[in-house]
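Structure first, commentary second.
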Amino acid sequence: MARSLASVWHPCTQMKRHEAQPPVAIARAQGPWLYDTDGQRYLDAISSWWVNLFGHSHPHIQAALTDQLARLDHVMLAGFTHAPVVELSERLGQLTGLGHAFYGSDGAAATEIALKMSAHYWRNTGRPAKSRFVGLTGGYHGETVGALAVTDIAIFREAYAPLVRLADTVPSPDARGAAPGETAQDVARRAAAALEVWLAEHHDTTAALIVEPLVQCAAGMAMHDPEYLRLARALCSRYEVHLVVDEIAVGFGRTGTMFAHQQAGIRPDFICLSKGLTGGTLPLSAVLTTDAVYAAFYDDEVARGFLHSHSYTGNPLACRAALATLELFDQLDALNANTALAQRIDAACAPVTHHPRVRHARSIGTIWAWDVDTTLPDFSRRYHQHAMARGVVLRPIGKTLYAMPPYVMDEEAVQCLASGALDTLNATLQEETS
């Protein structure tokens, strides 16, 4: 730990805090459990920043990586191709109904690819004025400069605003904003009406609307009704604005369907994928789009091509890990199994859901969230410390406690999550009067 603090700059962290709370040194991981260098185990209840789907060190993914490493570790994708990237692209196309996958390294890269591709499409089709973007209040799409343009998290916008061409925002359909007597669907329609007003005025200069379908994760797991996606799709089509769905966190079964937007019965113009794509083993992201978008770049002139690249684009090892992960969905009947898992976690976490200090308890698929009524300004930090002491990795977003565990939770892990979340909540709230 001392060597880490002397040499590693940890992400999204005020490093001075590690003087009092050093980082935990993890030596190995198996299934839903992390093990530190002293042998203490921790339940990975947030899937290591929402990436791990089928548990750590899964033998099927390991075997695929071992086989691929013996064949081909990497080759640049400019002027070359290989079986894993072709097979993965075909598979993603079958799953999404979109095509021609373009690869990056992480979620922020996927956002940048989709935004650049959308704006360049409009340029190639003779409408260069359509170069701006719009997103939802509280939206999060990554932290690189381009992705920050459509990220509406105050701490990021304020720190880096001079570097960023900030996009506009329209109201979020967050169901927690329901007025008395309103349903989540009513909130969705109200937000869509605001989007319609905005597009009517700005569509001539707008390239795309970007949305996290069903769950705005970094906004405190803000959940909305699929009606918003249906209405947004219709509005984008009417006003000739691309619809980009950011499924980086909510894709690959997290909301109960393979992709969240499928619950609205729509097809986007772009889909951004990452995180669970490789089952939490290797960094990889992908953007898929329509044939019409692809055709707008197909030309003899180089400048009309999509001018974007990453050194490790379509890395064979990462693509093979993604293929193995997708195979597990079929082998384990994962979507149906997750329905049963969600019911078990719902029942086990009922004491948290009905806690007198919890507001807006909500869940979808294998995502749970509870807003906590507390006066502690540093609730998140305190809760995380108490949870780690109980062997559970839970990191609230502000005053929103959430869980997004791997899909391989046995009964012991479910009970560890439920009892740990409840005991930690009570222990943290006791500090209000200490």
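In the structure tokens, the first chain shown is A, the next is B, and so on; residue numbers restart at 1 for each chain, and ligands run from 1 in the order shown.
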Worksheet item: Could you pull the residues within 8 Å of A:Arg267, counting only C-alpha atoms, minus those fewer than 5 positions along the same chain, as a ChimeraX atom specification?
Response: /A:97,233,261-262
Skip A:Pro173 itself and residues of its chain fewer than 4 positions away, then list as an mmCIF file with all heavy atoms, in the first residue's frame all residues within 8 Å of it, counting only C-alpha atoms.
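Generated file (result.cif):
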data_model
loop_
_atom_site.group_PDB
_atom_site.id
_atom_site.type_symbol
_atom_site.label_atom_id
_atom_site.label_comp_id
_atom_site.auth_asym_id
_atom_site.auth_seq_id
_atom_site.Cartn_x
_atom_site.Cartn_y
_atom_site.Cartn_z
ATOM 1 N N GLY A 177 -38.777 12.369 -9.837
ATOM 2 C CA GLY A 177 -39.324 13.712 -9.977
ATOM 3 C C GLY A 177 -40.826 13.754 -10.121
ATOM 4 O O GLY A 177 -41.389 14.810 -10.443
ATOM 5 N N ALA A 184 -44.429 7.128 -13.198
ATOM 6 C CA ALA A 184 -43.149 7.222 -13.900
ATOM 7 C C ALA A 184 -43.377 7.503 -15.380
ATOM 8 O O ALA A 184 -42.605 8.232 -16.013
ATOM 9 C CB ALA A 184 -42.359 5.926 -13.719
ATOM 10 N N VAL A 187 -43.985 11.208 -15.855
ATOM 11 C CA VAL A 187 -42.731 11.960 -15.824
ATOM 12 C C VAL A 187 -42.006 11.824 -17.161
ATOM 13 O O VAL A 187 -41.456 12.793 -17.699
ATOM 14 C CB VAL A 187 -41.822 11.477 -14.673
ATOM 15 C CG1 VAL A 187 -40.501 12.241 -14.668
ATOM 16 C CG2 VAL A 187 -42.523 11.649 -13.336
ATOM 17 N N ALA A 188 -42.004 10.612 -17.708
ATOM 18 C CA ALA A 188 -41.357 10.378 -18.999
ATOM 19 C C ALA A 188 -41.994 11.236 -20.090
ATOM 20 O O ALA A 188 -41.295 11.840 -20.915
ATOM 21 C CB ALA A 188 -41.442 8.896 -19.366
ATOM 22 N N ARG A 189 -43.302 11.310 -20.100
ATOM 23 C CA ARG A 189 -43.989 12.109 -21.121
ATOM 24 C C ARG A 189 -43.718 13.594 -20.934
ATOM 25 O O ARG A 189 -43.578 14.337 -21.914
ATOM 26 C CB ARG A 189 -45.483 11.812 -21.069
ATOM 27 C CG ARG A 189 -45.830 10.419 -21.592
ATOM 28 C CD ARG A 189 -47.269 10.047 -21.307
ATOM 29 N NE ARG A 189 -47.591 8.730 -21.877
ATOM 30 C CZ ARG A 189 -48.596 7.969 -21.465
ATOM 31 N NH1 ARG A 189 -49.383 8.376 -20.472
ATOM 32 N NH2 ARG A 189 -48.823 6.793 -22.030
ATOM 33 N N ARG A 190 -43.661 14.033 -19.688
ATOM 34 C CA ARG A 190 -43.374 15.438 -19.427
ATOM 35 C C ARG A 190 -41.974 15.801 -19.900
ATOM 36 O O ARG A 190 -41.741 16.863 -20.505
ATOM 37 C CB ARG A 190 -43.543 15.705 -17.925
ATOM 38 C CG ARG A 190 -43.211 17.107 -17.487
ATOM 39 C CD ARG A 190 -43.960 17.480 -16.206
ATOM 40 N NE ARG A 190 -43.896 16.474 -15.169
ATOM 41 C CZ ARG A 190 -42.889 16.338 -14.299
ATOM 42 N NH1 ARG A 190 -41.832 17.136 -14.401
ATOM 43 N NH2 ARG A 190 -42.924 15.420 -13.360
ATOM 44 N N ALA A 191 -41.009 14.917 -19.634
ATOM 45 C CA ALA A 191 -39.634 15.165 -20.086
ATOM 46 C C ALA A 191 -39.547 15.133 -21.609
ATOM 47 O O ALA A 191 -38.814 15.925 -22.216
ATOM 48 C CB ALA A 191 -38.689 14.130 -19.480
ATOM 49 N N ALA A 192 -40.283 14.232 -22.227
ATOM 50 C CA ALA A 192 -40.282 14.160 -23.693
ATOM 51 C C ALA A 192 -40.897 15.418 -24.306
ATOM 52 O O ALA A 192 -40.463 15.877 -25.370
ATOM 53 C CB ALA A 192 -41.037 12.914 -24.156
ATOM 54 N N MET A 223 -33.789 6.157 -12.467
ATOM 55 C CA MET A 223 -34.468 5.225 -13.372
ATOM 56 C C MET A 223 -35.679 5.881 -14.018
ATOM 57 O O MET A 223 -36.356 6.704 -13.387
ATOM 58 C CB MET A 223 -34.877 3.968 -12.617
ATOM 59 C CG MET A 223 -33.696 3.237 -12.001
ATOM 60 S SD MET A 223 -34.167 1.698 -11.168
ATOM 61 C CE MET A 223 -32.574 1.231 -10.433
ATOM 62 N N HIS A 224 -35.942 5.538 -15.287
ATOM 63 C CA HIS A 224 -37.088 6.120 -15.971
ATOM 64 C C HIS A 224 -37.862 5.069 -16.754
ATOM 65 O O HIS A 224 -37.365 3.978 -17.037
ATOM 66 C CB HIS A 224 -36.657 7.275 -16.881
ATOM 67 C CG HIS A 224 -35.711 6.907 -17.980
ATOM 68 N ND1 HIS A 224 -34.358 7.161 -17.916
ATOM 69 C CD2 HIS A 224 -35.909 6.329 -19.185
ATOM 70 C CE1 HIS A 224 -33.774 6.757 -19.017
ATOM 71 N NE2 HIS A 224 -34.699 6.243 -19.807
ATOM 72 N N ASP A 225 -39.072 5.433 -17.099
ATOM 73 C CA ASP A 225 -39.964 4.543 -17.825
ATOM 74 C C ASP A 225 -39.530 4.434 -19.283
ATOM 75 O O ASP A 225 -39.085 5.428 -19.879
ATOM 76 C CB ASP A 225 -41.395 5.087 -17.754
ATOM 77 C CG ASP A 225 -42.416 4.092 -18.256
ATOM 78 O OD1 ASP A 225 -42.651 4.058 -19.479
ATOM 79 O OD2 ASP A 225 -42.975 3.352 -17.428
ATOM 80 N N TYR A 228 -40.167 7.110 -22.299
ATOM 81 C CA TYR A 228 -39.318 8.226 -22.717
ATOM 82 C C TYR A 228 -38.511 7.853 -23.950
ATOM 83 O O TYR A 228 -38.368 8.657 -24.878
ATOM 84 C CB TYR A 228 -38.365 8.649 -21.596
ATOM 85 C CG TYR A 228 -37.536 9.851 -21.991
ATOM 86 C CD1 TYR A 228 -38.064 11.136 -21.934
ATOM 87 C CD2 TYR A 228 -36.230 9.707 -22.458
ATOM 88 C CE1 TYR A 228 -37.326 12.244 -22.324
ATOM 89 C CE2 TYR A 228 -35.483 10.810 -22.847
ATOM 90 C CZ TYR A 228 -36.033 12.071 -22.774
ATOM 91 O OH TYR A 228 -35.299 13.165 -23.181
#
Item to complete: Can you check which residues of stretch 2-157 of chain A DSSP gives as alpha helix (DSSP H) on the backbone and send them as an MDAnalysis selection string?
Response: chainID A and resid 2:7 47:50 59:71 83:96 107:124 145:148 154:157
Shell of 12 Å around A:Glu327, only C-alpha atoms, local chain residues under 4 positions omitted, as a short mmCIF file (atom, residue, chain, number, x, y, z; two decimals) with C-alpha atoms, in the first residue's frame:
data_model
loop_
_atom_site.label_atom_id
_atom_site.label_comp_id
_atom_site.auth_asym_id
_atom_site.auth_seq_id
_atom_site.Cartn_x
_atom_site.Cartn_y
_atom_site.Cartn_z
CA PHE A 54 -20.07 -13.74 -14.45
CA HIS A 60 -14.63 -20.29 -19.66
CA ILE A 61 -13.25 -16.81 -20.26
CA ALA A 64 -10.61 -18.57 -24.29
CA GLU A 87 -16.87 -12.97 -35.12
CA LEU A 88 -17.54 -10.43 -32.35
CA ARG A 91 -22.44 -11.38 -33.00
CA LEU A 92 -22.98 -7.80 -31.81
CA PHE A 252 -25.48 -7.00 -21.38
CA LEU A 277 -18.62 -6.45 -22.89
CA THR A 278 -15.60 -8.56 -21.85
CA GLY A 279 -17.08 -9.79 -18.60
CA ARG A 320 -12.02 -13.22 -27.64
CA ALA A 321 -12.91 -12.40 -24.03
CA ALA A 322 -16.06 -10.66 -25.28
CA LEU A 323 -17.01 -13.67 -27.39
CA GLN A 331 -24.70 -21.55 -21.80
CA LEU A 332 -26.09 -20.27 -18.47
CA ASP A 333 -29.43 -18.95 -19.77
CA ALA A 334 -28.30 -15.83 -17.96
#
Practice prompt. Just list the residues in stretch 151-372 of chain A DSSP gives strand (DSSP E) on the backbone, as a VMD selection string.
Written response: chain A and resid 168 to 170 206 to 211 215 to 216 222 to 223 242 to 246 270 to 273 285 to 289 358 to 364 367 to 372
Preceding selection exported with C-alpha atoms as a PDB file, in the first residue's frame:
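The result, written out as result36.pdb:
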ATOM      1  CA  ASP A 168     -27.098  21.483 -23.954  1.00  0.00           C
ATOM      2  CA  THR A 169     -29.242  19.507 -21.530  1.00  0.00           C
ATOM      3  CA  VAL A 170     -32.953  18.763 -21.393  1.00  0.00           C
ATOM      4  CA  THR A 206     -28.103  19.415 -33.449  1.00  0.00           C
ATOM      5  CA  ALA A 207     -26.341  16.246 -34.529  1.00  0.00           C
ATOM      6  CA  ALA A 208     -27.521  13.850 -31.829  1.00  0.00           C
ATOM      7  CA  LEU A 209     -29.318  13.255 -28.567  1.00  0.00           C
ATOM      8  CA  ILE A 210     -27.395  10.953 -26.201  1.00  0.00           C
ATOM      9  CA  VAL A 211     -29.267   8.992 -23.536  1.00  0.00           C
ATOM     10  CA  VAL A 215     -30.910   4.095 -15.769  1.00  0.00           C
ATOM     11  CA  GLN A 216     -28.715   7.178 -15.390  1.00  0.00           C
ATOM     12  CA  ALA A 222     -31.959   7.562 -11.702  1.00  0.00           C
ATOM     13  CA  MET A 223     -34.468   5.225 -13.372  1.00  0.00           C
ATOM     14  CA  HIS A 242     -29.455  10.956 -34.308  1.00  0.00           C
ATOM     15  CA  LEU A 243     -30.384   8.971 -31.204  1.00  0.00           C
ATOM     16  CA  VAL A 244     -27.318   7.630 -29.386  1.00  0.00           C
ATOM     17  CA  VAL A 245     -27.982   5.106 -26.610  1.00  0.00           C
ATOM     18  CA  ASP A 246     -25.182   4.806 -24.089  1.00  0.00           C
ATOM     19  CA  PHE A 270     -25.849   4.450 -32.498  1.00  0.00           C
ATOM     20  CA  ILE A 271     -25.195   2.169 -29.529  1.00  0.00           C
ATOM     21  CA  CYS A 272     -22.181   2.531 -27.238  1.00  0.00           C
ATOM     22  CA  LEU A 273     -20.958  -0.618 -25.470  1.00  0.00           C
ATOM     23  CA  SER A 285     -15.578  -0.728 -26.210  1.00  0.00           C
ATOM     24  CA  ALA A 286     -17.621  -0.789 -29.382  1.00  0.00           C
ATOM     25  CA  VAL A 287     -19.950   1.515 -31.283  1.00  0.00           C
ATOM     26  CA  LEU A 288     -22.449   0.105 -33.787  1.00  0.00           C
ATOM     27  CA  THR A 289     -24.578   2.163 -36.151  1.00  0.00           C
ATOM     28  CA  VAL A 358     -34.816   5.024   2.937  1.00  0.00           C
ATOM     29  CA  ARG A 359     -36.619   6.937   0.200  1.00  0.00           C
ATOM     30  CA  HIS A 360     -37.348   5.971  -3.416  1.00  0.00           C
ATOM     31  CA  ALA A 361     -36.324   2.314  -3.153  1.00  0.00           C
ATOM     32  CA  ARG A 362     -36.110   1.055  -6.725  1.00  0.00           C
ATOM     33  CA  SER A 363     -34.666  -1.718  -8.847  1.00  0.00           C
ATOM     34  CA  ILE A 364     -34.489  -2.955 -12.400  1.00  0.00           C
ATOM     35  CA  ILE A 367     -29.515  -2.939 -10.224  1.00  0.00           C
ATOM     36  CA  TRP A 368     -30.827  -1.812  -6.830  1.00  0.00           C
ATOM     37  CA  ALA A 369     -30.863   1.698  -5.368  1.00  0.00           C
ATOM     38  CA  TRP A 370     -32.040   3.338  -2.161  1.00  0.00           C
ATOM     39  CA  ASP A 371     -31.903   7.067  -1.380  1.00  0.00           C
ATOM     40  CA  VAL A 372     -30.959   7.628   2.260  1.00  0.00           C
TER      41      VAL A 372
END
Discussion item. Report as a list in words all protein, DNA and RNA residues lying within 10 Å of A:Ser131, evaluated on only C-alpha atoms, omitting residues in the same chain fewer than 2 positions from it.
Written reply: Leu115, Lys116, Ser118, Ala119, His120, Tyr121, Trp122, Arg123, Arg127, Pro128, Ala129, Phe133, Asp204, Thr205, Thr206, Ala207 and Ala208 of chain A
Dump all heavy atoms for the selected residues as a CSV table (one decimal), in the first residue's frame?
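So the final result, stored in again_28.csv, reads:
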chain,number,residue,atom,x,y,z
A,115,LEU,N,-20.1,10.4,-31.0
A,115,LEU,CA,-20.3,11.8,-31.3
A,115,LEU,C,-19.6,12.3,-32.5
A,115,LEU,O,-20.2,13.0,-33.4
A,115,LEU,CB,-19.8,12.7,-30.1
A,115,LEU,CG,-20.5,12.4,-28.7
A,115,LEU,CD1,-20.0,13.3,-27.7
A,115,LEU,CD2,-22.0,12.5,-28.8
A,116,LYS,N,-18.3,11.9,-32.7
A,116,LYS,CA,-17.6,12.3,-33.9
A,116,LYS,C,-18.2,11.7,-35.1
A,116,LYS,O,-18.4,12.4,-36.2
A,116,LYS,CB,-16.1,11.8,-33.8
A,116,LYS,CG,-15.3,12.6,-32.8
A,116,LYS,CD,-13.9,12.1,-32.6
A,116,LYS,CE,-13.1,12.2,-33.9
A,116,LYS,NZ,-11.7,11.7,-33.8
A,118,SER,N,-21.4,10.9,-35.6
A,118,SER,CA,-22.6,11.6,-35.9
A,118,SER,C,-22.4,12.9,-36.6
A,118,SER,O,-23.0,13.2,-37.6
A,118,SER,CB,-23.4,11.8,-34.6
A,118,SER,OG,-24.6,12.6,-34.8
A,119,ALA,N,-21.5,13.7,-36.0
A,119,ALA,CA,-21.2,15.0,-36.6
A,119,ALA,C,-20.6,14.9,-37.9
A,119,ALA,O,-21.0,15.7,-38.9
A,119,ALA,CB,-20.3,15.8,-35.6
A,120,HIS,N,-19.7,13.9,-38.1
A,120,HIS,CA,-19.1,13.8,-39.4
A,120,HIS,C,-20.1,13.3,-40.5
A,120,HIS,O,-20.0,13.6,-41.7
A,120,HIS,CB,-17.9,12.8,-39.3
A,120,HIS,CG,-16.9,12.8,-40.4
A,120,HIS,ND1,-15.7,12.3,-40.3
A,120,HIS,CD2,-17.0,13.4,-41.6
A,120,HIS,CE1,-15.0,12.5,-41.4
A,120,HIS,NE2,-15.8,13.1,-42.3
A,121,TYR,N,-21.1,12.5,-40.0
A,121,TYR,CA,-22.1,12.0,-41.0
A,121,TYR,C,-22.9,13.2,-41.5
A,121,TYR,O,-23.1,13.3,-42.7
A,121,TYR,CB,-23.1,11.1,-40.2
A,121,TYR,CG,-24.4,10.9,-41.0
A,121,TYR,CD1,-24.5,9.9,-41.9
A,121,TYR,CD2,-25.5,11.8,-40.8
A,121,TYR,CE1,-25.7,9.7,-42.6
A,121,TYR,CE2,-26.7,11.6,-41.5
A,121,TYR,CZ,-26.8,10.6,-42.4
A,121,TYR,OH,-27.9,10.4,-43.1
A,122,TRP,N,-23.3,14.2,-40.6
A,122,TRP,CA,-24.0,15.3,-41.1
A,122,TRP,C,-23.1,16.2,-42.0
A,122,TRP,O,-23.6,16.8,-43.0
A,122,TRP,CB,-24.5,16.2,-39.9
A,122,TRP,CG,-25.6,15.4,-39.1
A,122,TRP,CD1,-25.5,15.0,-37.8
A,122,TRP,CD2,-26.8,15.0,-39.6
A,122,TRP,NE1,-26.6,14.4,-37.5
A,122,TRP,CE2,-27.5,14.3,-38.5
A,122,TRP,CE3,-27.5,15.1,-40.8
A,122,TRP,CZ2,-28.8,13.8,-38.6
A,122,TRP,CZ3,-28.8,14.6,-40.9
A,122,TRP,CH2,-29.4,14.0,-39.8
A,123,ARG,N,-21.8,16.3,-41.7
A,123,ARG,CA,-20.9,17.0,-42.6
A,123,ARG,C,-20.9,16.3,-44.0
A,123,ARG,O,-20.9,17.0,-45.0
A,123,ARG,CB,-19.5,17.1,-42.0
A,123,ARG,CG,-18.5,17.8,-42.8
A,123,ARG,CD,-17.1,17.7,-42.2
A,123,ARG,NE,-16.1,18.4,-43.0
A,123,ARG,CZ,-15.8,19.7,-42.9
A,123,ARG,NH1,-16.5,20.4,-42.0
A,123,ARG,NH2,-14.9,20.2,-43.6
A,127,ARG,N,-24.7,18.9,-44.4
A,127,ARG,CA,-25.3,19.6,-43.3
A,127,ARG,C,-24.4,19.9,-42.2
A,127,ARG,O,-24.6,19.4,-41.1
A,127,ARG,CB,-26.6,19.0,-42.9
A,127,ARG,CG,-27.6,18.7,-44.0
A,127,ARG,CD,-28.8,17.9,-43.6
A,127,ARG,NE,-29.7,18.6,-42.8
A,127,ARG,CZ,-30.8,18.1,-42.3
A,127,ARG,NH1,-31.2,16.9,-42.6
A,127,ARG,NH2,-31.6,18.8,-41.5
A,128,PRO,N,-23.2,20.6,-42.4
A,128,PRO,CA,-22.2,20.7,-41.4
A,128,PRO,C,-22.6,21.5,-40.2
A,128,PRO,O,-22.0,21.4,-39.1
A,128,PRO,CB,-21.1,21.4,-42.2
A,128,PRO,CG,-21.8,22.2,-43.3
A,128,PRO,CD,-22.9,21.2,-43.7
A,129,ALA,N,-23.7,22.3,-40.3
A,129,ALA,CA,-24.2,23.1,-39.1
A,129,ALA,C,-24.7,22.2,-38.0
A,129,ALA,O,-24.7,22.6,-36.8
A,129,ALA,CB,-25.3,24.0,-39.6
A,133,PHE,N,-24.7,18.8,-29.7
A,133,PHE,CA,-25.3,17.7,-29.0
A,133,PHE,C,-26.2,18.1,-27.9
A,133,PHE,O,-26.0,19.2,-27.3
A,133,PHE,CB,-24.2,16.7,-28.6
A,133,PHE,CG,-23.3,16.2,-29.7
A,133,PHE,CD1,-22.1,16.9,-29.8
A,133,PHE,CD2,-23.7,15.2,-30.5
A,133,PHE,CE1,-21.2,16.5,-30.9
A,133,PHE,CE2,-22.9,14.9,-31.6
A,133,PHE,CZ,-21.6,15.5,-31.8
A,204,ASP,N,-31.8,22.2,-36.3
A,204,ASP,CA,-30.9,22.5,-37.4
A,204,ASP,C,-29.5,22.5,-37.1
A,204,ASP,O,-28.6,22.3,-38.0
A,204,ASP,CB,-31.3,23.9,-38.0
A,204,ASP,CG,-32.6,23.9,-38.8
A,204,ASP,OD1,-33.0,22.8,-39.2
A,204,ASP,OD2,-33.2,24.9,-39.0
A,205,THR,N,-29.1,22.7,-35.8
A,205,THR,CA,-27.7,22.7,-35.4
A,205,THR,C,-27.4,21.5,-34.5
A,205,THR,O,-26.3,21.4,-34.0
A,205,THR,CB,-27.4,24.0,-34.7
A,205,THR,OG1,-28.2,24.1,-33.5
A,205,THR,CG2,-27.5,25.2,-35.6
A,206,THR,N,-28.3,20.5,-34.4
A,206,THR,CA,-28.1,19.4,-33.4
A,206,THR,C,-27.8,18.1,-34.2
A,206,THR,O,-28.6,17.7,-35.1
A,206,THR,CB,-29.3,19.2,-32.6
A,206,THR,OG1,-29.6,20.4,-31.8
A,206,THR,CG2,-29.1,18.1,-31.6
A,207,ALA,N,-26.7,17.5,-33.9
A,207,ALA,CA,-26.3,16.2,-34.5
A,207,ALA,C,-27.0,15.1,-33.9
A,207,ALA,O,-27.5,14.2,-34.5
A,207,ALA,CB,-24.8,16.1,-34.5
A,208,ALA,N,-27.0,15.0,-32.5
A,208,ALA,CA,-27.5,13.9,-31.8
A,208,ALA,C,-28.0,14.2,-30.4
A,208,ALA,O,-27.5,15.1,-29.8
A,208,ALA,CB,-26.4,12.8,-31.8
Worksheet item: Skipping near chain neighbours, those fewer than 4 positions away, what residues fall within 8 Å of A:Gln30 using only C-alpha atoms, listed as an NGL selection string?
Response: :A and (34 or 55-58)
Discussion item. Calculated over only C-alpha atoms, which of the candidates A:Ala2, A:Val250, A:Ala45, A:Leu214 has the smallest distance to A:Glu227?
Written reply: A:Leu214
